[in-house]
Every structure is written in C-alpha cells, then in structure tokens.
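**Student:** Just one file: target22.pdb, with PDB, C-alpha atoms, pLDDT in the B column.
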```pdb
ATOM      1  CA  MET M   1     -32.492 149.183-107.080  1.00 45.00           C
ATOM      2  CA  ARG M   2     -29.306 147.759-108.656  1.00 47.00           C
ATOM      3  CA  GLU M   3     -25.768 147.856-107.334  1.00 48.00           C
ATOM      4  CA  ALA M   4     -22.523 147.703-109.306  1.00 49.00           C
ATOM      5  CA  THR M   5     -19.166 147.374-107.600  1.00 48.00           C
ATOM      6  CA  SER M   6     -15.930 148.719-109.081  1.00 48.00           C
ATOM      7  CA  GLY M   7     -12.613 148.582-107.244  1.00 53.00           C
ATOM      8  CA  GLY M   8     -14.296 148.212-103.867  1.00 57.00           C
ATOM      9  CA  ALA M   9     -16.703 151.140-104.427  1.00 58.00           C
ATOM     10  CA  THR M  10     -20.431 150.657-104.882  1.00 61.00           C
ATOM     11  CA  VAL M  11     -22.647 152.555-107.287  1.00 60.00           C
ATOM     12  CA  VAL M  12     -26.399 152.350-106.642  1.00 61.00           C
ATOM     13  CA  ILE M  13     -28.812 152.798-109.532  1.00 59.00           C
ATOM     14  CA  ALA M  14     -32.159 153.544-107.925  1.00 59.00           C
ATOM     15  CA  GLY M  15     -35.620 154.788-108.764  1.00 57.00           C
ATOM     16  CA  PRO M  16     -36.584 158.369-107.828  1.00 58.00           C
ATOM     17  CA  THR M  17     -38.154 157.411-104.469  1.00 61.00           C
ATOM     18  CA  THR M  18     -35.811 154.602-103.366  1.00 64.00           C
ATOM     19  CA  SER M  19     -33.647 155.338-100.310  1.00 68.00           C
ATOM     20  CA  VAL M  20     -29.961 154.483-100.594  1.00 67.00           C
ATOM     21  CA  PRO M  21     -27.134 154.394 -98.028  1.00 69.00           C
ATOM     22  CA  ALA M  22     -25.449 157.710 -97.226  1.00 71.00           C
ATOM     23  CA  GLY M  23     -22.166 158.323 -99.041  1.00 69.00           C
ATOM     24  CA  THR M  24     -23.108 156.081-101.960  1.00 65.00           C
ATOM     25  CA  GLN M  25     -22.668 157.384-105.499  1.00 62.00           C
ATOM     26  CA  GLN M  26     -26.225 157.648-106.819  1.00 60.00           C
ATOM     27  CA  VAL M  27     -27.828 157.735-110.252  1.00 54.00           C
ATOM     28  CA  ARG M  28     -31.590 158.281-110.183  1.00 52.00           C
ATOM     29  CA  THR M  29     -33.747 156.876-112.969  1.00 51.00           C
ATOM     30  CA  LEU M  30     -34.809 157.971-115.538  1.00 51.00           C
ATOM     31  CA  ILE M  31     -31.132 157.480-116.238  1.00 51.00           C
ATOM     32  CA  ARG M  32     -28.887 159.485-118.534  1.00 51.00           C
ATOM     33  CA  TYR M  33     -25.799 157.737-119.874  1.00 49.00           C
ATOM     34  CA  SER M  34     -23.580 160.690-118.913  1.00 50.00           C
ATOM     35  CA  ASP M  35     -24.848 160.491-115.289  1.00 56.00           C
ATOM     36  CA  LEU M  36     -24.021 156.783-115.133  1.00 57.00           C
ATOM     37  CA  LEU M  37     -20.525 157.352-116.497  1.00 56.00           C
ATOM     38  CA  ASP M  38     -19.875 160.180-114.041  1.00 59.00           C
ATOM     39  CA  ALA M  39     -21.061 158.065-111.070  1.00 62.00           C
ATOM     40  CA  LEU M  40     -18.905 155.110-112.125  1.00 60.00           C
ATOM     41  CA  MET M  41     -15.867 157.329-112.606  1.00 58.00           C
ATOM     42  CA  ARG M  42     -16.324 158.980-109.193  1.00 61.00           C
ATOM     43  CA  ALA M  43     -16.818 155.590-107.511  1.00 63.00           C
ATOM     44  CA  SER M  44     -13.589 154.282-109.030  1.00 59.00           C
ATOM     45  CA  GLY M  45     -11.664 157.392-107.942  1.00 57.00           C
ATOM     46  CA  ALA M  46     -11.226 158.715-111.479  1.00 55.00           C
ATOM     47  CA  HIS M  47     -12.282 162.073-112.827  1.00 51.00           C
ATOM     48  CA  PRO M  48     -15.746 162.235-114.413  1.00 48.00           C
ATOM     49  CA  VAL M  49     -15.844 162.143-118.191  1.00 48.00           C
ATOM     50  CA  ASP M  50     -16.372 165.536-119.807  1.00 50.00           C
ATOM     51  CA  LEU M  51     -19.277 164.924-122.177  1.00 44.00           C
ATOM     52  CA  SER M  52     -19.956 168.589-122.884  1.00 42.00           C
ATOM     53  CA  GLN M  53     -19.110 170.896-125.782  1.00 40.00           C
ATOM     54  CA  GLU M  54     -15.523 170.300-126.966  1.00 41.00           C
ATOM     55  CA  ALA M  55     -15.423 166.720-125.676  1.00 48.00           C
ATOM     56  CA  VAL M  56     -18.387 165.597-127.784  1.00 46.00           C
ATOM     57  CA  ARG M  57     -17.553 167.461-130.980  1.00 53.00           C
ATOM     58  CA  PRO M  58     -18.548 165.138-133.857  1.00 56.00           C
ATOM     59  CA  VAL M  59     -15.799 163.036-135.437  1.00 64.00           C
ATOM     60  CA  ALA M  60     -16.462 161.287-138.734  1.00 76.00           C
ATOM     61  CA  LEU M  61     -14.858 157.836-138.441  1.00 87.00           C
ATOM     62  CA  ARG M  62     -16.431 154.592-139.589  1.00 88.00           C
ATOM     63  CA  GLY M  63     -15.736 150.964-138.849  1.00 92.00           C
ATOM     64  CA  ARG M  64     -15.960 148.234-136.231  1.00 95.00           C
ATOM     65  CA  VAL M  65     -13.405 147.982-133.414  1.00 97.00           C
ATOM     66  CA  LEU M  66     -12.838 145.462-130.637  1.00 98.00           C
ATOM     67  CA  LEU M  67     -12.319 146.916-127.154  1.00 98.00           C
ATOM     68  CA  VAL M  68     -10.597 144.522-124.725  1.00 97.00           C
ATOM     69  CA  ASP M  69     -10.345 145.448-121.028  1.00 96.00           C
ATOM     70  CA  ASP M  70     -11.184 143.576-117.821  1.00 94.00           C
ATOM     71  CA  ASN M  71     -12.304 146.802-116.086  1.00 93.00           C
ATOM     72  CA  LEU M  72     -15.981 147.621-116.656  1.00 92.00           C
ATOM     73  CA  VAL M  73     -15.553 151.350-115.980  1.00 91.00           C
ATOM     74  CA  ASN M  74     -12.687 151.580-118.475  1.00 91.00           C
ATOM     75  CA  ARG M  75     -14.820 149.832-121.083  1.00 93.00           C
ATOM     76  CA  LEU M  76     -17.821 152.094-120.461  1.00 93.00           C
ATOM     77  CA  VAL M  77     -15.748 155.250-120.851  1.00 92.00           C
ATOM     78  CA  ALA M  78     -13.765 154.039-123.865  1.00 94.00           C
ATOM     79  CA  LYS M  79     -16.905 152.732-125.571  1.00 95.00           C
ATOM     80  CA  ALA M  80     -18.645 156.098-125.124  1.00 93.00           C
ATOM     81  CA  TRP M  81     -15.671 157.880-126.662  1.00 93.00           C
ATOM     82  CA  LEU M  82     -15.316 155.381-129.525  1.00 94.00           C
ATOM     83  CA  GLU M  83     -19.007 155.589-130.376  1.00 93.00           C
ATOM     84  CA  SER M  84     -18.795 159.395-130.284  1.00 91.00           C
ATOM     85  CA  PHE M  85     -16.131 159.052-133.012  1.00 92.00           C
ATOM     86  CA  GLY M  86     -18.673 157.179-135.168  1.00 91.00           C
ATOM     87  CA  LEU M  87     -17.254 153.676-134.582  1.00 94.00           C
ATOM     88  CA  THR M  88     -19.127 150.455-133.844  1.00 95.00           C
ATOM     89  CA  VAL M  89     -17.709 148.819-130.720  1.00 97.00           C
ATOM     90  CA  ASP M  90     -17.581 145.168-129.667  1.00 98.00           C
ATOM     91  CA  GLU M  91     -16.263 144.349-126.185  1.00 97.00           C
ATOM     92  CA  ALA M  92     -14.296 141.571-124.518  1.00 97.00           C
ATOM     93  CA  GLY M  93     -13.280 141.269-120.858  1.00 95.00           C
ATOM     94  CA  ASP M  94      -9.997 139.376-121.307  1.00 96.00           C
ATOM     95  CA  GLY M  95      -7.627 138.044-123.932  1.00 96.00           C
ATOM     96  CA  LEU M  96      -9.366 134.710-124.375  1.00 97.00           C
ATOM     97  CA  ALA M  97     -12.711 136.426-124.945  1.00 97.00           C
ATOM     98  CA  ALA M  98     -10.975 138.769-127.409  1.00 97.00           C
ATOM     99  CA  ILE M  99      -9.753 135.863-129.537  1.00 96.00           C
ATOM    100  CA  GLU M 100     -13.274 134.428-129.592  1.00 96.00           C
ATOM    101  CA  ALA M 101     -14.852 137.819-130.372  1.00 96.00           C
ATOM    102  CA  LEU M 102     -12.440 138.887-133.144  1.00 96.00           C
ATOM    103  CA  ARG M 103     -14.225 139.254-136.490  1.00 94.00           C
ATOM    104  CA  PRO M 104     -12.881 139.737-140.024  1.00 92.00           C
ATOM    105  CA  ASP M 105     -14.489 143.195-140.183  1.00 93.00           C
ATOM    106  CA  HIS M 106     -12.731 144.525-137.062  1.00 95.00           C
ATOM    107  CA  ARG M 107     -10.516 147.338-138.315  1.00 94.00           C
ATOM    108  CA  LEU M 108      -8.715 147.804-134.996  1.00 95.00           C
ATOM    109  CA  VAL M 109      -8.265 146.137-131.591  1.00 97.00           C
ATOM    110  CA  LEU M 110      -7.692 148.162-128.409  1.00 97.00           C
ATOM    111  CA  MET M 111      -6.028 145.680-126.043  1.00 97.00           C
ATOM    112  CA  ASP M 112      -5.376 146.012-122.316  1.00 95.00           C
ATOM    113  CA  CYS M 113      -2.263 144.114-121.203  1.00 93.00           C
ATOM    114  CA  PRO M 114      -2.672 142.678-117.670  1.00 92.00           C
ATOM    115  CA  MET M 115      -5.956 140.721-117.626  1.00 93.00           C
ATOM    116  CA  PRO M 116      -7.255 137.501-116.054  1.00 92.00           C
ATOM    117  CA  ARG M 117      -7.448 134.173-117.902  1.00 92.00           C
ATOM    118  CA  MET M 118      -5.273 135.455-120.794  1.00 95.00           C
ATOM    119  CA  ASP M 119      -3.362 138.729-120.862  1.00 96.00           C
ATOM    120  CA  GLY M 120      -3.113 141.050-123.853  1.00 95.00           C
ATOM    121  CA  HIS M 121       0.366 139.897-124.860  1.00 96.00           C
ATOM    122  CA  ALA M 122      -0.647 136.234-125.063  1.00 97.00           C
ATOM    123  CA  ALA M 123      -3.865 137.110-126.898  1.00 97.00           C
ATOM    124  CA  THR M 124      -1.961 139.219-129.424  1.00 97.00           C
ATOM    125  CA  ARG M 125       0.555 136.435-130.063  1.00 96.00           C
ATOM    126  CA  ARG M 126      -2.302 133.983-130.642  1.00 96.00           C
ATOM    127  CA  ILE M 127      -4.047 136.386-133.045  1.00 96.00           C
ATOM    128  CA  ARG M 128      -0.810 136.926-134.979  1.00 95.00           C
ATOM    129  CA  GLU M 129      -0.196 133.169-135.245  1.00 93.00           C
ATOM    130  CA  ASN M 130      -3.573 132.711-136.914  1.00 89.00           C
ATOM    131  CA  GLU M 131      -3.585 135.611-139.392  1.00 88.00           C
ATOM    132  CA  SER M 132      -2.081 136.121-142.814  1.00 81.00           C
ATOM    133  CA  ALA M 133      -0.396 139.336-143.994  1.00 72.00           C
ATOM    134  CA  GLN M 134      -3.617 140.239-145.819  1.00 75.00           C
ATOM    135  CA  GLU M 135      -5.683 139.774-142.638  1.00 84.00           C
ATOM    136  CA  HIS M 136      -3.455 141.896-140.371  1.00 90.00           C
ATOM    137  CA  VAL M 137      -5.556 143.833-137.851  1.00 94.00           C
ATOM    138  CA  PRO M 138      -3.832 146.663-135.962  1.00 95.00           C
ATOM    139  CA  ILE M 139      -3.682 145.935-132.228  1.00 96.00           C
ATOM    140  CA  ILE M 140      -3.103 148.910-129.944  1.00 96.00           C
ATOM    141  CA  ALA M 141      -1.905 148.298-126.386  1.00 95.00           C
ATOM    142  CA  VAL M 142      -3.931 150.471-123.982  1.00 93.00           C
ATOM    143  CA  THR M 143      -2.346 149.976-120.581  1.00 87.00           C
ATOM    144  CA  ALA M 144      -1.247 151.681-117.382  1.00 86.00           C
ATOM    145  CA  ASN M 145       2.194 150.060-117.739  1.00 80.00           C
ATOM    146  CA  ALA M 146       4.209 153.057-118.948  1.00 76.00           C
ATOM    147  CA  PHE M 147       7.862 151.955-118.816  1.00 83.00           C
ATOM    148  CA  ALA M 148       9.961 151.542-121.969  1.00 84.00           C
ATOM    149  CA  GLU M 149      10.297 147.805-121.314  1.00 87.00           C
ATOM    150  CA  ASP M 150       6.487 147.502-121.194  1.00 88.00           C
ATOM    151  CA  ARG M 151       6.262 149.083-124.633  1.00 89.00           C
ATOM    152  CA  GLU M 152       8.975 146.742-125.908  1.00 91.00           C
ATOM    153  CA  LEU M 153       7.082 143.709-124.554  1.00 92.00           C
ATOM    154  CA  ALA M 154       3.922 144.879-126.317  1.00 93.00           C
ATOM    155  CA  MET M 155       5.723 145.346-129.631  1.00 93.00           C
ATOM    156  CA  ALA M 156       7.475 141.983-129.267  1.00 94.00           C
ATOM    157  CA  ALA M 157       4.077 140.323-128.753  1.00 95.00           C
ATOM    158  CA  GLY M 158       2.941 141.741-132.111  1.00 95.00           C
ATOM    159  CA  MET M 159       1.109 144.895-131.070  1.00 95.00           C
ATOM    160  CA  ASP M 160       1.345 147.833-133.453  1.00 94.00           C
ATOM    161  CA  ASP M 161       1.098 150.853-131.175  1.00 94.00           C
ATOM    162  CA  TYR M 162       0.949 151.798-127.499  1.00 92.00           C
ATOM    163  CA  LEU M 163      -1.315 154.136-125.534  1.00 92.00           C
ATOM    164  CA  VAL M 164      -0.785 154.759-121.815  1.00 90.00           C
ATOM    165  CA  LYS M 165      -3.756 154.884-119.407  1.00 87.00           C
ATOM    166  CA  PRO M 166      -5.300 157.003-118.181  1.00 85.00           C
ATOM    167  CA  CYS M 167      -5.654 158.331-121.693  1.00 87.00           C
ATOM    168  CA  THR M 168      -7.695 161.293-122.862  1.00 88.00           C
ATOM    169  CA  ARG M 169     -10.362 161.336-125.511  1.00 90.00           C
ATOM    170  CA  ALA M 170      -7.953 163.308-127.719  1.00 90.00           C
ATOM    171  CA  SER M 171      -5.078 160.823-127.327  1.00 91.00           C
ATOM    172  CA  LEU M 172      -7.402 157.902-128.055  1.00 93.00           C
ATOM    173  CA  LEU M 173      -8.730 159.668-131.137  1.00 92.00           C
ATOM    174  CA  GLY M 174      -5.183 160.414-132.302  1.00 90.00           C
ATOM    175  CA  VAL M 175      -4.033 156.801-132.217  1.00 92.00           C
ATOM    176  CA  ILE M 176      -7.228 155.575-133.876  1.00 92.00           C
ATOM    177  CA  ARG M 177      -6.996 158.120-136.687  1.00 90.00           C
ATOM    178  CA  ARG M 178      -3.382 157.104-137.260  1.00 89.00           C
ATOM    179  CA  TRP M 179      -4.319 153.449-137.781  1.00 91.00           C
ATOM    180  CA  LEU M 180      -7.611 153.885-139.610  1.00 86.00           C
ATOM    181  CA  HIS M 181      -6.139 156.333-142.122  1.00 71.00           C
ATOM    182  CA  GLY M 182      -2.851 154.687-143.050  1.00 52.00           C
ATOM    183  CA  TRP M 183       0.505 153.539-141.762  1.00 42.00           C
ATOM    184  CA  PRO M 184       2.064 155.447-138.894  1.00 42.00           C
ATOM    185  CA  GLN M 185       5.745 156.297-139.089  1.00 40.00           C
ATOM    186  CA  ALA M 186       8.350 155.078-136.639  1.00 38.00           C
ATOM    187  CA  PRO M 187      10.693 157.714-135.139  1.00 36.00           C
ATOM    188  CA  ASP M 188      13.354 156.774-137.742  1.00 36.00           C
ATOM    189  CA  GLY M 189      10.848 157.460-140.549  1.00 35.00           C
ATOM    190  CA  SER M 190      10.280 153.825-141.478  1.00 35.00           C
ATOM    191  CA  GLY M 191       6.711 152.574-141.683  1.00 35.00           C
ATOM    192  CA  LEU M 192       5.373 150.456-138.860  1.00 35.00           C
ATOM    193  CA  ARG M 193       3.103 147.572-139.749  1.00 36.00           C
ATOM    194  CA  GLY M 194      -0.273 148.800-140.921  1.00 33.00           C
ATOM    195  CA  THR M 195      -3.570 147.453-142.186  1.00 29.00           C
TER     196      THR M 195
END
```
Written as structure tokens, how would this file's structure read?
**Tutor:**
Amino acid sequence: MREATSGGATVVIAGPTTSVPAGTQQVRTLIRYSDLLDALMRASGAHPVDLSQEAVRPVALRGRVLLVDDNLVNRLVAKAWLESFGLTVDEAGDGLAAIEALRPDHRLVLMDCPMPRMDGHAATRRIRENESAQEHVPIIAVTANAFAEDRELAMAAGMDDYLVKPCTRASLLGVIRRWLHGWPQAPDGSGLRGT
C-alpha cells in the first residue's frame, strides 16, 4: 500500500485485498491511469478529469515541452493532456529545476508563477538572460493569479502568453497550438514574440 498526500488529503493506492481507512480516496491495483488521476483530483477538491470521448479526441501535435509546476496533481493532469496532444513532456517542480531541465529541443515552456526555491518570474528572467534571439523558447504563464497586474508582471518577466488556472483541456490546447504554429497576435494586431 502506498500513500500520496496532496493539499492535506491522502490518496491510498492499495492492492485488491488491502484494507484502507474509511473515507480515503482509493485506487485499487491493477491501476488505470484515469483512475489515479480521478482519485488525485477528488482528494485535492478539484473535479475529476474527463478522459472519455470528446476529451481524448486525438490531436496531432509534435514536439517536446517543459511543464513547470510545484503541485503534483497539476502536473499529472497537465501531463496527461499534453501527451494526449502528441507532445513529449519533461517536468520540473520549481523555477530552479526548470532552468536546469531546459533543453535546446524544448519548443515551449508551461510555467507556474508562485513556486518554492525560485518562482516562475525569476526563472523566466534567468532563461531570457541566457538565450539569444535565435534560441527564444516561448514561455507560457499557467497560474491561478488572474488579475491584470499579474499578467503584466508575467509579461515584464519575459513570458510570452498567459493562461489562468484552473484551465480546461481546450484552453490549454488553444494556447499551445498558437505558439507551436506561429506568432500570436496582440489585441492591437502587432505580433507578440514568437519562436
């Protein structure tokens, strides 16, 4: 039996005959990935991920992306969605780990903002300091901070776009398609920085 804690809730992953405490979110082995995601989402108070029909319709994207978030449940859900789009996903749990994990073949970085050790703004500034115009990797802020000033802080740090959590699979796909297929347009029609 293994336990994973998220936000004060405990998820127990147990064999078919193992007894577990009442009221605990349970996933019985043999384990299905969708069952694990649902249990983690319920334990964290979020809605379970819809992995049926429309939600898993194939999307033909290719490339390697870096997913940066200090929340394990957020990473599990986002990684499942990204892989369902056809992308290869590398993960980092904070900004410092993101700098160390960044590779030349990463086509996109999805960056949380508030994180321990180094936040997403500081990590983005460090990445921008060390890249040339030819090496520019799009960095998308994915954060629960939804005020206009939060967006401005992200852009000032060198991020290219902004996605508010909790996001949907469709909104995540939309922002990724925008950056993997060309330069997005600012509201005034001018091009934002692209790849």
**Student:** Measure the distance from atom CA of Met118 of chain M to atom CA of Asp150 of chain M in Å and round it to one decimal.
**Tutor:**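 Interatomic distance here is 16.8 Å.
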**Student:** Compare M:Ala22, M:Leu110, M:Met115, M:Ala156 by their minimum atom-to-atom distance to Val175 of chain M, counting only C-alpha atoms, and give me the closest one.
**Tutor:**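 Once distances to Val175 of chain M are computed over only C-alpha atoms, the minimum belongs to M:Leu110.
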**Student:** Between atom CA of Arg64 of chain M and atom CA of Glu135 of chain M, what is the distance in Å, rounded to a tenth?
**Tutor:** 14.8 Å
**Student:** Each residue of segment 87-123 of chain M lying at most 10 Å from segment 176-179 of chain M should get a row with its shortest atom-to-atom pair and the distance in Å to one decimal, counting all atoms listed in the file; could you produce that, ordered by chain and increasing number, as a tab-separated table?
**Tutor:**
```
residue	atom	partner	partner_atom	distance
M:Arg107	CA	M:Trp179	CA	8.7
M:Leu108	CA	M:Trp179	CA	7.7
M:Val109	CA	M:Ile176	CA	9.8
M:Leu110	CA	M:Ile176	CA	9.2
```
**Student:** Quick check, in Å to one decimal: how far apart do atom CA of Ala92 of chain M and atom CA of Val65 of chain M lie?
**Tutor:**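 Spanning atom CA of Ala92 of chain M to atom CA of Val65 of chain M is a straight-line distance of 11.0 Å.
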**Student:** What does the PyMOL selection byres ((chain M and resi 112) around 6) select in this file, as a PyMOL selection string?
**Tutor:** chain M and resi 68-69+111+113+120+141-143
**Student:** When the PyMOL selection byres ((chain M and resi 138) around 6) is applied to the file above, which residues end up in the set, as JSON, numbers by chain?
**Tutor:** {"M": [108, 137, 139, 160]}
**Student:** Exactly which residues make up the result of the PyMOL selection byres ((chain M and resi 117) around 8) on this file, given as a PyMOL selection string?
**Tutor:** chain M and resi 94-96+115-116+118-119
**Student:** For a quick check of understanding, using only C-alpha atoms, which of M:Val164, M:Ala97, M:Ala78, M:Leu180 has the smallest distance to Arg62 of chain M?
**Tutor:**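 With only C-alpha atoms as the atom set, the closest residue is M:Leu180.
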**Student:** Restricting the calculation to all atoms listed in the file, which member of M:Ala101, M:Asn74, M:Leu67, M:Trp81 is positioned closest to Ala144 of chain M?
**Tutor:**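 The shortest atom-to-atom distance to Ala144 of chain M comes from M:Asn74.
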**Student:** Between M:Leu172, M:Val89, M:Ala148, M:Ile99, which has the minimum distance to Leu76 of chain M (counting only C-alpha atoms)?
**Tutor:** M:Val89
**Student:** Show me, as AutoDock Vina command-line options, the centre and edge lengths in Å to one decimal of the axis-aligned box that covers every listed atom of segment 98-109 of chain M with 4 Å on each side.
**Tutor:**
```
--center_x -11.6 --center_y 141.1 --center_z -133.8 --size_x 14.6 --size_y 21.4 --size_z 20.8
```
**Student:** Pick out the closest residue to His121 of chain M from this set: M:Ile140, M:Ala146, M:Leu66, M:Leu72. Count all atoms listed in the file.
**Tutor:**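 Result for the nearest residue to His121 of chain M: M:Ile140.
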**Student:** From the list M:Ala154, M:Leu163, M:Ala80, M:Leu87, which residue is nearest Ala122 of chain M when using only C-alpha atoms?
**Tutor:** M:Ala154
**Student:** May I have the protein, DNA and RNA residues with any atom at most 7 Å from the point (-18.1, 157.5, -135.3), counting only C-alpha atoms, written as a list of chain:residue names?
**Tutor:** M:Val59, M:Ala60, M:Leu61, M:Arg62, M:Leu82, M:Glu83, M:Ser84, M:Phe85, M:Gly86, M:Leu87
